[in-house]
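**Student:** Data file coords09.cif (mmCIF, C-alpha atoms) is appended below.
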```cif
data_model
loop_
_atom_site.label_atom_id
_atom_site.label_comp_id
_atom_site.auth_asym_id
_atom_site.auth_seq_id
_atom_site.Cartn_x
_atom_site.Cartn_y
_atom_site.Cartn_z
CA MET O 1 173.51 27.10 62.84
CA GLN O 2 170.51 26.41 60.62
CA THR O 3 172.28 27.85 57.56
CA LEU O 4 175.39 25.75 58.17
CA LEU O 5 173.24 22.67 58.70
CA LEU O 6 171.42 23.25 55.39
CA ILE O 7 174.76 23.61 53.58
CA ALA O 8 176.00 20.33 55.11
CA ILE O 9 172.77 18.51 54.21
CA ALA O 10 172.95 19.79 50.63
CA LEU O 11 176.58 18.71 50.22
CA PHE O 12 176.08 15.23 51.66
CA ALA O 13 172.83 14.67 49.76
CA GLY O 14 174.50 15.58 46.45
CA LEU O 15 177.55 13.42 47.10
CA MET O 16 175.54 10.39 48.25
CA MET O 17 173.25 10.65 45.24
CA THR O 18 176.24 10.43 42.87
CA ARG O 19 177.05 6.99 44.33
CA LEU O 20 173.56 5.81 43.39
CA PHE O 21 173.53 7.42 39.95
CA VAL O 22 176.92 6.02 38.99
CA LYS O 23 175.27 2.58 38.84
CA PHE O 24 173.01 3.93 36.07
CA HIS O 25 175.90 5.69 34.27
CA LEU O 26 174.26 9.10 34.72
CA PRO O 27 176.25 12.35 35.09
CA ASP O 28 176.98 13.81 38.53
CA VAL O 29 175.11 16.98 37.55
CA THR O 30 171.85 15.02 37.27
CA ALA O 31 172.53 13.41 40.65
CA TYR O 32 173.05 16.81 42.26
CA LEU O 33 169.84 18.19 40.76
CA VAL O 34 167.77 15.17 41.84
CA ALA O 35 169.27 15.36 45.34
CA GLY O 36 168.23 19.00 45.46
CA VAL O 37 164.69 18.15 44.38
CA LEU O 38 164.44 15.49 47.10
CA ILE O 39 165.61 17.75 49.96
CA GLY O 40 163.71 20.72 48.52
CA PRO O 41 160.38 22.21 49.62
CA CYS O 42 158.38 20.07 47.18
CA VAL O 43 159.44 16.65 48.60
CA LEU O 44 161.21 16.05 51.93
CA GLY O 45 160.87 19.72 52.82
CA ARG O 46 157.17 19.08 53.36
CA LEU O 47 158.17 16.64 56.13
CA GLY O 48 160.48 19.17 57.78
CA ILE O 49 163.68 17.64 56.33
CA GLY O 50 166.08 19.83 54.36
CA PHE O 51 164.71 23.02 52.79
CA THR O 52 161.19 23.55 54.11
CA THR O 53 160.54 26.74 52.12
CA PHE O 54 161.80 28.35 48.92
CA GLU O 55 162.86 31.34 51.02
CA LYS O 56 165.46 29.13 52.70
CA VAL O 57 166.77 28.08 49.28
CA ASP O 58 166.98 31.72 48.24
CA SER O 59 168.87 32.57 51.44
CA LEU O 60 171.86 30.67 50.04
CA SER O 61 171.79 32.48 46.69
CA LEU O 62 175.19 34.00 47.51
CA ILE O 63 176.72 30.54 47.03
CA ASN O 64 175.03 30.28 43.62
CA ASP O 65 176.44 33.63 42.53
CA VAL O 66 180.00 32.69 43.53
CA ALA O 67 179.77 29.21 41.99
CA LEU O 68 178.50 30.65 38.70
CA GLY O 69 181.41 33.07 38.77
CA PHE O 70 183.91 30.22 38.99
CA ILE O 71 182.10 28.26 36.28
CA ALA O 72 182.23 31.28 33.96
CA PHE O 73 185.89 31.89 34.87
CA ALA O 74 186.70 28.30 33.86
CA ILE O 75 184.81 28.66 30.57
CA GLY O 76 186.95 31.70 29.80
CA HIS O 77 189.86 29.28 29.54
CA GLU O 78 188.26 27.94 26.35
CA PHE O 79 189.03 31.27 24.64
CA ARG O 80 192.76 30.67 24.63
CA LEU O 81 194.04 32.25 21.41
CA SER O 82 196.04 29.18 20.43
CA ALA O 83 192.83 27.11 20.44
CA LEU O 84 190.67 29.80 18.84
CA LYS O 85 192.90 29.79 15.77
CA GLN O 86 191.41 26.40 14.97
CA THR O 87 187.85 26.72 16.28
CA GLY O 88 187.22 30.48 16.61
CA LYS O 89 185.52 30.93 13.22
CA GLN O 90 183.34 27.85 13.70
CA ALA O 91 182.35 28.86 17.24
CA THR O 92 181.43 32.41 16.20
CA ILE O 93 179.26 31.34 13.28
CA ILE O 94 177.56 28.54 15.22
CA GLY O 95 177.19 30.58 18.42
CA ILE O 96 175.28 33.36 16.66
CA LEU O 97 173.19 31.37 14.19
CA GLN O 98 172.02 28.58 16.52
CA ALA O 99 170.75 31.15 19.05
CA VAL O 100 168.89 33.12 16.38
CA THR O 101 167.45 29.92 14.87
CA ALA O 102 166.11 28.79 18.26
CA THR O 103 164.42 32.17 18.66
CA VAL O 104 162.85 31.98 15.19
CA PHE O 105 161.57 28.42 15.76
CA VAL O 106 159.96 29.31 19.08
CA ASP O 107 158.52 32.56 17.69
CA ILE O 108 156.86 30.73 14.79
CA ALA O 109 155.51 27.90 16.96
CA LEU O 110 154.11 30.15 19.68
CA ILE O 111 152.68 32.76 17.29
CA ILE O 112 150.76 29.96 15.55
CA PHE O 113 149.65 28.76 19.01
CA HIS O 114 148.49 32.31 19.79
CA TYR O 115 146.25 32.46 16.74
CA LEU O 116 144.82 29.04 17.60
CA ARG O 117 144.31 29.78 21.31
CA PRO O 118 144.47 33.55 21.94
CA ASP O 119 142.68 32.98 25.25
CA ILE O 120 145.78 31.17 26.60
CA LEU O 121 148.75 32.92 24.98
CA SER O 122 149.12 36.58 24.00
CA LEU O 123 151.39 37.77 21.18
CA PRO O 124 153.81 39.69 23.48
CA VAL O 125 154.30 36.53 25.58
CA ALA O 126 154.98 34.48 22.43
CA ILE O 127 157.68 36.90 21.25
CA THR O 128 159.18 37.15 24.76
CA MET O 129 159.48 33.36 25.00
CA GLY O 130 161.22 33.33 21.63
CA ALA O 131 163.81 35.75 23.00
CA ILE O 132 164.41 33.63 26.12
CA ALA O 133 164.83 30.50 23.98
CA ALA O 134 168.24 31.70 22.74
CA ALA O 135 169.92 31.27 26.15
CA THR O 136 171.86 28.12 27.05
CA ALA O 137 173.14 27.12 30.50
CA PRO O 138 176.94 26.75 30.52
CA ALA O 139 177.22 25.23 34.00
CA ALA O 140 175.76 21.78 33.36
CA THR O 141 177.61 21.42 30.05
CA LEU O 142 180.97 22.29 31.60
CA MET O 143 180.45 19.85 34.47
CA VAL O 144 179.69 16.96 32.10
CA VAL O 145 182.75 17.77 30.00
CA ARG O 146 184.95 17.82 33.09
CA GLN O 147 183.55 14.73 34.75
CA TYR O 148 184.10 12.53 31.70
CA LYS O 149 187.22 14.38 30.50
CA ALA O 150 185.60 14.89 27.10
CA LYS O 151 187.98 15.85 24.35
CA GLY O 152 187.46 16.02 20.61
CA PRO O 153 186.02 18.12 17.78
CA VAL O 154 182.57 18.55 19.35
CA THR O 155 183.93 19.58 22.75
CA ASP O 156 186.43 21.98 21.17
CA VAL O 157 183.54 23.89 19.55
CA LEU O 158 180.94 23.34 22.27
CA LEU O 159 182.49 25.33 25.13
CA PRO O 160 183.24 28.50 23.12
CA VAL O 161 179.72 28.31 21.61
CA VAL O 162 178.14 28.03 25.06
CA ALA O 163 180.19 31.00 26.22
CA LEU O 164 179.20 33.12 23.21
CA ASP O 165 175.60 32.07 23.62
CA ASP O 166 175.11 34.29 26.67
CA ALA O 167 176.21 37.45 24.87
CA VAL O 168 174.13 36.61 21.79
CA GLY O 169 171.15 35.72 23.98
CA LEU O 170 171.24 39.08 25.75
CA VAL O 171 171.27 40.96 22.43
CA VAL O 172 168.43 38.85 20.98
CA PHE O 173 166.43 39.33 24.17
CA ALA O 174 166.96 43.09 24.04
CA ILE O 175 165.52 43.33 20.53
CA SER O 176 162.66 40.84 20.87
CA PHE O 177 161.54 41.97 24.30
CA GLY O 178 161.57 45.58 23.12
CA ILE O 179 159.18 44.60 20.32
CA ALA O 180 156.97 42.66 22.77
CA GLN O 181 156.77 45.65 25.09
CA ALA O 182 155.87 48.00 22.24
CA MET O 183 153.06 45.63 21.18
CA LYS O 184 151.70 45.34 24.72
CA ASN O 185 151.78 48.99 25.75
CA GLY O 186 151.55 50.74 22.39
CA THR O 187 154.21 53.22 23.52
CA THR O 188 157.16 52.37 25.70
CA ASN O 189 160.80 53.28 26.18
CA VAL O 190 162.08 50.94 23.49
CA ALA O 191 165.44 52.73 23.51
CA ALA O 192 165.99 51.72 27.14
CA LEU O 193 164.88 48.13 26.51
CA ILE O 194 167.37 47.74 23.67
CA LEU O 195 170.22 49.96 24.85
CA GLU O 196 170.43 48.64 28.42
CA PRO O 197 171.11 44.96 27.51
CA LEU O 198 173.54 46.01 24.76
CA MET O 199 175.45 48.18 27.23
CA GLU O 200 175.35 45.29 29.71
CA VAL O 201 177.35 43.19 27.24
CA VAL O 202 179.84 45.99 26.50
CA LEU O 203 180.35 47.00 30.15
CA SER O 204 180.69 43.38 31.26
CA LEU O 205 183.37 42.60 28.70
CA ALA O 206 185.25 45.82 29.48
CA PHE O 207 185.18 45.34 33.25
CA GLY O 208 186.08 41.65 32.99
CA GLY O 209 188.99 42.43 30.67
CA LEU O 210 190.30 45.17 32.96
CA THR O 211 190.14 42.90 36.00
CA GLY O 212 191.88 40.16 34.04
CA PHE O 213 194.83 42.43 33.24
CA VAL O 214 195.05 43.54 36.89
CA LEU O 215 195.01 39.90 38.05
CA THR O 216 197.75 38.99 35.56
CA TYR O 217 199.86 41.93 36.74
CA LEU O 218 199.44 41.16 40.46
CA GLU O 219 200.15 37.45 40.01
CA ARG O 220 203.85 38.09 39.42
CA TYR O 221 204.25 39.42 42.97
CA PHE O 222 203.16 36.14 44.57
CA HIS O 223 205.22 32.97 44.34
CA SER O 224 203.37 30.25 46.26
CA HIS O 225 200.37 28.43 44.80
CA ARG O 226 198.45 29.13 48.01
CA ASN O 227 198.77 32.90 47.65
CA ARG O 228 198.16 32.85 43.90
CA ASN O 229 195.05 30.75 44.43
CA ALA O 230 193.80 33.23 47.03
CA LEU O 231 194.41 36.03 44.52
CA ILE O 232 192.32 34.27 41.86
CA VAL O 233 189.52 33.46 44.30
CA GLY O 234 189.46 37.06 45.49
CA SER O 235 189.35 38.35 41.91
CA VAL O 236 186.40 36.13 40.97
CA ILE O 237 184.47 37.08 44.10
CA LEU O 238 185.24 40.77 43.48
CA THR O 239 183.90 40.64 39.92
CA VAL O 240 180.76 38.80 41.08
CA ALA O 241 180.21 41.45 43.77
CA VAL O 242 180.71 44.42 41.42
CA SER O 243 178.42 42.77 38.86
CA GLN O 244 175.51 43.30 41.25
CA LEU O 245 175.80 47.08 40.83
CA LYS O 246 173.24 49.09 38.89
CA ILE O 247 174.38 52.41 37.43
CA PRO O 248 171.63 55.00 36.73
CA VAL O 249 172.44 57.32 33.81
CA GLY O 250 169.56 59.66 33.07
CA PRO O 251 166.54 57.57 32.00
CA PHE O 252 168.70 54.43 31.66
CA THR O 253 169.97 51.93 34.23
CA PHE O 254 173.11 50.03 33.24
CA GLY O 255 174.37 46.88 34.90
CA PHE O 256 176.69 43.92 34.40
CA SER O 257 176.32 40.23 33.62
CA SER O 258 178.40 38.31 36.17
CA LEU O 259 178.72 35.43 33.69
CA LEU O 260 180.19 37.63 30.96
CA VAL O 261 182.43 39.51 33.41
CA CYS O 262 183.92 36.32 34.86
CA MET O 263 184.29 34.73 31.42
CA MET O 264 186.22 37.74 30.20
CA LEU O 265 188.32 37.65 33.38
CA GLY O 266 189.25 34.03 32.66
CA THR O 267 189.87 34.74 28.97
CA VAL O 268 192.34 37.57 29.60
CA PHE O 269 194.06 35.69 32.42
CA CYS O 270 194.57 32.47 30.45
CA ASN O 271 196.00 34.36 27.46
CA PHE O 272 198.41 36.67 29.29
CA CYS O 273 199.53 34.73 32.37
CA PRO O 274 202.24 32.10 31.63
CA LEU O 275 201.16 29.96 34.62
CA SER O 276 197.43 30.23 33.96
CA GLU O 277 196.94 26.54 33.11
CA GLU O 278 198.19 25.31 36.47
CA LEU O 279 196.66 28.15 38.48
CA MET O 280 193.20 27.71 36.95
CA LEU O 281 193.38 24.02 37.82
CA GLN O 282 194.08 24.97 41.45
CA ALA O 283 191.10 27.33 41.44
CA ASP O 284 188.87 24.56 40.06
CA ARG O 285 189.78 22.31 42.98
CA TRP O 286 188.95 25.04 45.49
CA SER O 287 185.58 25.81 43.88
CA GLY O 288 184.43 22.15 43.66
CA PRO O 289 182.21 22.15 46.79
CA ALA O 290 180.64 25.50 45.82
CA ILE O 291 179.74 24.13 42.38
CA THR O 292 178.25 20.99 43.96
CA LEU O 293 176.10 23.23 46.18
CA PHE O 294 175.09 25.29 43.14
CA PHE O 295 173.49 22.32 41.40
CA VAL O 296 171.88 20.91 44.57
CA LEU O 297 170.37 24.33 45.33
CA SER O 298 169.24 24.62 41.69
CA GLY O 299 167.35 21.35 42.10
CA ALA O 300 165.84 22.49 45.40
CA ALA O 301 164.62 25.71 43.73
CA LEU O 302 162.62 23.89 41.04
CA GLU O 303 158.90 24.45 41.64
CA PHE O 304 156.70 21.49 40.69
CA GLU O 305 153.54 23.53 41.13
CA VAL O 306 153.72 24.42 37.43
CA PHE O 307 152.53 20.88 36.67
CA SER O 308 149.18 21.73 38.26
CA LYS O 309 148.37 24.25 35.51
CA PRO O 310 147.26 22.63 32.21
CA ALA O 311 147.76 25.83 30.19
CA VAL O 312 151.38 26.10 31.35
CA ILE O 313 152.04 22.46 30.50
CA LEU O 314 150.50 22.85 27.04
CA VAL O 315 152.47 25.99 26.15
CA GLY O 316 155.56 24.57 27.88
CA VAL O 317 155.54 21.44 25.73
CA VAL O 318 155.28 23.54 22.56
CA TYR O 319 158.10 25.80 23.80
CA ILE O 320 160.41 22.90 24.69
CA ALA O 321 159.78 21.09 21.41
CA ALA O 322 160.29 24.23 19.28
CA ARG O 323 163.41 25.33 21.16
CA SER O 324 164.94 21.85 21.01
CA LEU O 325 164.38 21.65 17.26
CA GLY O 326 165.72 25.19 16.86
CA LYS O 327 168.90 24.43 18.79
CA TYR O 328 169.50 21.15 16.96
CA PHE O 329 168.86 22.34 13.42
CA GLY O 330 170.42 25.74 14.09
CA ALA O 331 173.64 24.05 15.22
CA HIS O 332 173.48 21.59 12.31
CA TRP O 333 172.97 24.22 9.60
CA SER O 334 175.47 26.67 11.03
CA ALA O 335 178.08 23.91 11.51
CA LYS O 336 177.58 22.95 7.88
CA LEU O 337 178.02 26.60 6.87
CA ALA O 338 181.21 26.78 8.96
CA LYS O 339 182.47 23.56 7.31
CA SER O 340 182.73 21.76 10.63
CA PRO O 341 183.33 18.00 10.84
CA GLU O 342 180.36 15.67 10.44
CA THR O 343 180.35 14.76 14.15
CA VAL O 344 179.94 18.45 15.06
CA ARG O 345 177.02 18.84 12.66
CA LYS O 346 175.32 15.73 14.01
CA TYR O 347 175.78 16.00 17.77
CA LEU O 348 176.50 19.61 18.77
CA GLY O 349 172.86 20.71 18.83
CA ILE O 350 171.94 18.05 21.41
CA THR O 351 174.52 19.43 23.84
CA LEU O 352 173.02 22.95 23.68
CA LEU O 353 169.66 22.08 25.27
CA PRO O 354 170.30 22.80 29.01
CA GLN O 355 168.80 26.09 30.16
CA ALA O 356 168.88 27.76 33.58
CA GLY O 357 170.63 30.87 34.96
CA VAL O 358 170.56 33.36 32.08
CA ALA O 359 167.05 32.29 31.05
CA LEU O 360 165.82 32.78 34.62
CA GLY O 361 167.36 36.25 34.63
CA MET O 362 165.51 37.15 31.42
CA CYS O 363 162.37 35.60 32.89
CA ALA O 364 162.64 37.83 35.99
CA THR O 365 162.90 40.92 33.77
CA ALA O 366 159.87 39.86 31.72
CA TYR O 367 157.89 39.05 34.88
CA ARG O 368 158.62 42.50 36.33
CA VAL O 369 158.03 44.52 33.15
CA LEU O 370 155.05 42.68 31.62
CA GLY O 371 153.33 42.11 34.96
CA GLY O 372 149.86 40.66 35.41
CA GLU O 373 148.83 37.40 33.75
CA ASP O 374 151.38 37.76 30.95
CA GLY O 375 154.31 38.10 33.35
CA THR O 376 153.12 35.16 35.44
CA LEU O 377 152.67 32.99 32.35
CA VAL O 378 156.20 33.75 31.10
CA ARG O 379 157.61 32.91 34.53
CA ASN O 380 155.76 29.59 34.78
CA ILE O 381 156.64 28.49 31.24
CA VAL O 382 160.33 29.22 31.80
CA LEU O 383 160.28 27.36 35.14
CA PHE O 384 158.64 24.39 33.42
CA GLY O 385 161.28 24.42 30.68
CA VAL O 386 164.17 24.75 33.14
CA LEU O 387 162.80 21.84 35.17
CA ILE O 388 162.73 19.55 32.14
CA TYR O 389 165.97 20.74 30.55
CA GLU O 390 168.03 20.63 33.74
CA LEU O 391 166.95 17.09 34.60
CA ILE O 392 167.46 15.50 31.17
CA GLY O 393 169.94 17.93 29.57
CA PRO O 394 173.13 16.61 31.24
CA SER O 395 172.31 13.01 30.26
CA LEU O 396 171.66 14.06 26.66
CA THR O 397 174.96 15.98 26.63
CA LYS O 398 176.82 12.89 27.86
CA MET O 399 175.07 10.71 25.27
CA ALA O 400 175.90 13.08 22.41
CA LEU O 401 179.56 13.46 23.40
CA THR O 402 179.87 9.67 23.79
CA LYS O 403 178.41 8.98 20.36
CA ALA O 404 180.66 11.68 18.89
CA GLY O 405 183.68 9.90 20.35
CA ASP O 406 184.64 12.80 22.64
CA ILE O 407 183.96 10.65 25.73
CA GLN O 408 185.99 7.47 25.62
CA ALA O 409 184.93 4.34 27.48
CA ILE O 410 187.37 3.12 30.11
CA PRO O 411 189.22 0.06 28.70
CA SER O 412 188.33 -3.23 30.40
CA GLU O 413 191.95 -3.83 31.44
CA VAL O 414 192.01 -0.46 33.22
CA LYS O 415 188.77 -1.32 35.04
CA SER O 416 190.21 -4.70 36.05
CA ARG O 417 193.41 -3.12 37.33
CA ARG O 418 191.50 -0.51 39.35
CA LYS O 419 189.31 -3.22 40.86
CA LYS O 420 192.35 -5.25 41.94
CA GLU O 421 193.98 -2.14 43.42
CA LEU O 422 190.80 -1.36 45.37
CA GLU O 423 190.54 -4.92 46.64
CA SER O 424 194.17 -4.89 47.77
CA VAL O 425 193.54 -1.72 49.75
CA THR O 426 190.29 -2.88 51.39
CA LYS O 427 191.38 -6.50 51.98
CA PRO O 428 191.88 -7.19 55.75
CA VAL O 429 195.53 -7.52 56.80
CA PRO O 430 196.20 -10.72 58.82
CA PRO O 431 197.62 -10.21 62.30
CA SER O 432 201.38 -10.31 62.59
CA PHE O 433 203.07 -12.81 64.93
CA ASP O 434 206.58 -11.44 64.54
CA LYS O 435 208.66 -11.73 67.65
#
```
How does this structure look as structure tokens?

**Tutor:**
Amino acid sequence: MQTLLLIAIALFAGLMMTRLFVKFHLPDVTAYLVAGVLIGPCVLGRLGIGFTTFEKVDSLSLINDVALGFIAFAIGHEFRLSALKQTGKQATIIGILQAVTATVFVDIALIIFHYLRPDILSLPVAITMGAIAAATAPAATLMVVRQYKAKGPVTDVLLPVVALDDAVGLVVFAISFGIAQAMKNGTTNVAALILEPLMEVVLSLAFGGLTGFVLTYLERYFHSHRNRNALIVGSVILTVAVSQLKIPVGPFTFGFSSLLVCMMLGTVFCNFCPLSEELMLQADRWSGPAITLFFVLSGAALEFEVFSKPAVILVGVVYIAARSLGKYFGAHWSAKLAKSPETVRKYLGITLLPQAGVALGMCATAYRVLGGEDGTLVRNIVLFGVLIYELIGPSLTKMALTKAGDIQAIPSEVKSRRKKELESVTKPVPPSFDK
């Protein structure tokens, strides 16, 4: 009963908060995150309302895994071959270079910080943070695009770039973290640190592609939208479940990235199934409540204790500033190299700031492998960055897409018509005196 009650509280808190935030023209994603913070252990949870401990938030992590699977599945739709003919080259160039640029910016900034204050920040931590900087969170970006029905040159490039960012981020992390480990321990299994993430990308794409072909094949045997929708939902949940597996092979342990698996599933399905457009829309409607819960739970999981540590705040500010500049200028320079439109060069980088799931996964690896003070420092800095990026990132994405012209304001006549329609529905009907 307690679990069901927490789910209900989270859903209602997120939905009610959107009604407040709409008055300030803020995205629903921000409303969900703030609602999660309020009912989380750091605020109302202290009073016994909502989530009283972080363990209770973690107990609903299954919902997060499934929701992320559906988000990644939807992003796979952006790799439709007909669309990639126009934006594929741009997205590939920008996706790789902006991630590498963010890593370089953070590496330089934090290495300088290390030489200024070696008592606070070690060199392996500086290089590890540079590797984590490459990752971008696709969930918040996709939700903003959907809520405001963004469409235009920036959006066309943004979603494929965000999707590619995860694969690039894993490769960059493999190389940089391998170097950091070698510096910390002198000798370490660098082959495992580099090979395992690379194989994670390859295995994820292969498994996702295979599942996508199976889903496309099975779809032809079902004729109602209800059954087809159940087939898609089952396929996404299956891939999320299998992605939790770890495969030991000699000295190595290979695994999967659920984000990459589900993205590849959506990519194959949307390119080979004739009815994919309509069926993916049906799946989006089914997954709506799960995605709402995902963002509310993400807000509840944010730990404000990091603000009590001056060293974390100091390094965190440097990390956020360097990564933000790296993402912006990396996107600007690479968009210029790819001969993208001026609006893409100017506004794309701002939309790439949100950071959450993949970065937290990298953070968990660094925390486990580095251990001690270094592992704890990496964890706290990443949590600090996620807290800031997740709360302001969606609003910045909306602002950038609006200025780029991808989000169009609702015409005044449409607003007036909707208001009259609403008034006609809510206006009391006088009693009838018909005989």

**Student:** Find the residues around Pro394 (chain O) up to 12 Å (all atoms listed in the file counted), leave out those fewer than 4 positions away in its own chain, and share them as an mmCIF file with C-alpha atoms, in the coordinates of the input.

**Tutor:**
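Result file is out-v9.cif:
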```cif
data_model
loop_
_atom_site.group_PDB
_atom_site.id
_atom_site.type_symbol
_atom_site.label_atom_id
_atom_site.label_comp_id
_atom_site.auth_asym_id
_atom_site.auth_seq_id
_atom_site.Cartn_x
_atom_site.Cartn_y
_atom_site.Cartn_z
ATOM 1 C CA HIS O 25 175.900 5.690 34.270
ATOM 2 C CA LEU O 26 174.260 9.100 34.720
ATOM 3 C CA PRO O 27 176.250 12.350 35.090
ATOM 4 C CA ASP O 28 176.980 13.810 38.530
ATOM 5 C CA VAL O 29 175.110 16.980 37.550
ATOM 6 C CA THR O 30 171.850 15.020 37.270
ATOM 7 C CA ALA O 31 172.530 13.410 40.650
ATOM 8 C CA TYR O 32 173.050 16.810 42.260
ATOM 9 C CA LEU O 33 169.840 18.190 40.760
ATOM 10 C CA VAL O 34 167.770 15.170 41.840
ATOM 11 C CA ALA O 137 173.140 27.120 30.500
ATOM 12 C CA PRO O 138 176.940 26.750 30.520
ATOM 13 C CA ALA O 139 177.220 25.230 34.000
ATOM 14 C CA ALA O 140 175.760 21.780 33.360
ATOM 15 C CA THR O 141 177.610 21.420 30.050
ATOM 16 C CA LEU O 142 180.970 22.290 31.600
ATOM 17 C CA MET O 143 180.450 19.850 34.470
ATOM 18 C CA VAL O 144 179.690 16.960 32.100
ATOM 19 C CA VAL O 145 182.750 17.770 30.000
ATOM 20 C CA GLN O 147 183.550 14.730 34.750
ATOM 21 C CA TYR O 148 184.100 12.530 31.700
ATOM 22 C CA PHE O 295 173.490 22.320 41.400
ATOM 23 C CA ILE O 350 171.940 18.050 21.410
ATOM 24 C CA THR O 351 174.520 19.430 23.840
ATOM 25 C CA LEU O 352 173.020 22.950 23.680
ATOM 26 C CA LEU O 353 169.660 22.080 25.270
ATOM 27 C CA PRO O 354 170.300 22.800 29.010
ATOM 28 C CA GLN O 355 168.800 26.090 30.160
ATOM 29 C CA ILE O 388 162.730 19.550 32.140
ATOM 30 C CA TYR O 389 165.970 20.740 30.550
ATOM 31 C CA GLU O 390 168.030 20.630 33.740
ATOM 32 C CA LYS O 398 176.820 12.890 27.860
ATOM 33 C CA MET O 399 175.070 10.710 25.270
ATOM 34 C CA ALA O 400 175.900 13.080 22.410
ATOM 35 C CA LEU O 401 179.560 13.460 23.400
#
```

**Student:** Evaluated on this file, the PyMOL selection byres ((chain O and resi 255) around 6) picks out some residues - which ones are they, written as a list in words?

**Tutor:**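 On this input, the PyMOL selection byres ((chain O and resi 255) around 6) captures Glu200, Lys246, Phe254 and Phe256 of chain O.
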
**Student:** Might you spell out which residues the PyMOL selection byres ((chain O and resi 134) around 7) would select in the displayed file, as a list of chain:residue names?

**Tutor:** O:Ala99, O:Val100, O:Ala102, O:Thr103, O:Ala131, O:Ile132, O:Ala133, O:Ala135, O:Thr136, O:Gly169

**Student:** Once the PyMOL selection byres ((chain O and resi 111-121) around 12) has been applied to the shown file, what residues remain in the selection, as a VMD selection string?

**Tutor:** chain O and resid 103 to 110 122 to 130 309 to 319 322 373 to 378 381

**Student:** Between O:Leu297, O:Met183, O:Leu279, O:Lys85, which one has atoms that come closest to Ser224 (chain O), using all atoms listed in the file?

**Tutor:**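 The closest residue to Ser224 (chain O) is O:Leu279.
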
**Student:** What is the distance, in Å and to one decimal place, between CA of Gly152 (chain O) and CA of Ser340 (chain O)?

**Tutor:**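 So the two atoms, CA of Gly152 (chain O) and CA of Ser340 (chain O), lie 12.4 Å apart.
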
**Student:** Between CA of Ala13 (chain O) and CA of Ala301 (chain O), what is the spacing in Å?

**Tutor:** 15.0 Å

**Student:** For Ala300 (chain O), which of O:Gln2, O:Ser61, O:Ser82, O:Ser287 is the closest residue, counting all atoms listed in the file?

**Tutor:**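 Comparing O:Gln2, O:Ser61, O:Ser82, O:Ser287 against Ala300 (chain O), the winner is O:Ser61.
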
**Student:** Using Å and a single decimal, report how far CA of Asp156 (chain O) sits from CA of Gln86 (chain O).

**Tutor:** 9.1 Å

**Student:** Could you tell me which of O:Asn229, O:Ser257, O:Ser243, O:Asn64 comes closest to Trp286 (chain O) if we count only C-alpha atoms?

**Tutor:** O:Asn229

**Student:** Rank nothing, just name the residue among O:Ala404, O:Leu11, O:Val154, O:Val161 nearest to Ile93 (chain O), using only C-alpha atoms.

**Tutor:**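 Nearest to Ile93 (chain O): O:Val161.
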
**Student:** Excluding Phe51 (chain O) and residues on its chain fewer than 6 positions from it, collect all residues at most 9 Å away from it, counting all atoms listed in the file, and give them as a PyMOL selection string.

**Tutor:** chain O and resi 6+39-42+44-45+57+300

**Student:** In terms of the shortest atom-to-atom distance over only C-alpha atoms, which of O:Ala359, O:Val233, O:Leu203, O:Leu47 is closest to Asp165 (chain O)?

**Tutor:**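 With only C-alpha atoms as the atom set, the closest residue is O:Ala359.
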
**Student:** When you count all atoms listed in the file, which of these residues is closest to His332 (chain O): O:Val37, O:Thr101, O:Thr53, O:Ala366?

**Tutor:**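 When distances to His332 (chain O) are compared using all atoms listed in the file, the smallest one comes from O:Thr101.
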
**Student:** Considering all atoms listed in the file, return as number ranges by chain whatever protein or nucleic-acid residues lie within 8 Å of Cys262 (chain O), sequence-local ones (same chain, fewer than 3 positions apart) excluded.

**Tutor:** O: 69-70, 72-73, 76, 208, 236, 239-240, 258-259, 265-266

**Student:** Write region 7-14 of chain O as a CSV table (one decimal), in the frame of the given file, completed to N, CA and C atoms.

**Tutor:**
```csv
chain,number,residue,atom,x,y,z
O,7,ILE,N,173.6,23.8,54.5
O,7,ILE,CA,174.8,23.6,53.6
O,7,ILE,C,175.3,22.2,53.7
O,8,ALA,N,175.5,21.7,54.9
O,8,ALA,CA,176.0,20.3,55.1
O,8,ALA,C,175.1,19.3,54.5
O,9,ILE,N,173.8,19.5,54.8
O,9,ILE,CA,172.8,18.5,54.2
O,9,ILE,C,172.8,18.5,52.7
O,10,ALA,N,172.9,19.7,52.1
O,10,ALA,CA,173.0,19.8,50.6
O,10,ALA,C,174.2,19.1,50.1
O,11,LEU,N,175.3,19.3,50.7
O,11,LEU,CA,176.6,18.7,50.2
O,11,LEU,C,176.5,17.2,50.3
O,12,PHE,N,176.1,16.7,51.5
O,12,PHE,CA,176.1,15.2,51.7
O,12,PHE,C,175.0,14.6,50.8
O,13,ALA,N,173.9,15.2,50.6
O,13,ALA,CA,172.8,14.7,49.8
O,13,ALA,C,173.3,14.6,48.3
O,14,GLY,N,174.0,15.6,47.8
O,14,GLY,CA,174.5,15.6,46.4
O,14,GLY,C,175.6,14.5,46.3
```
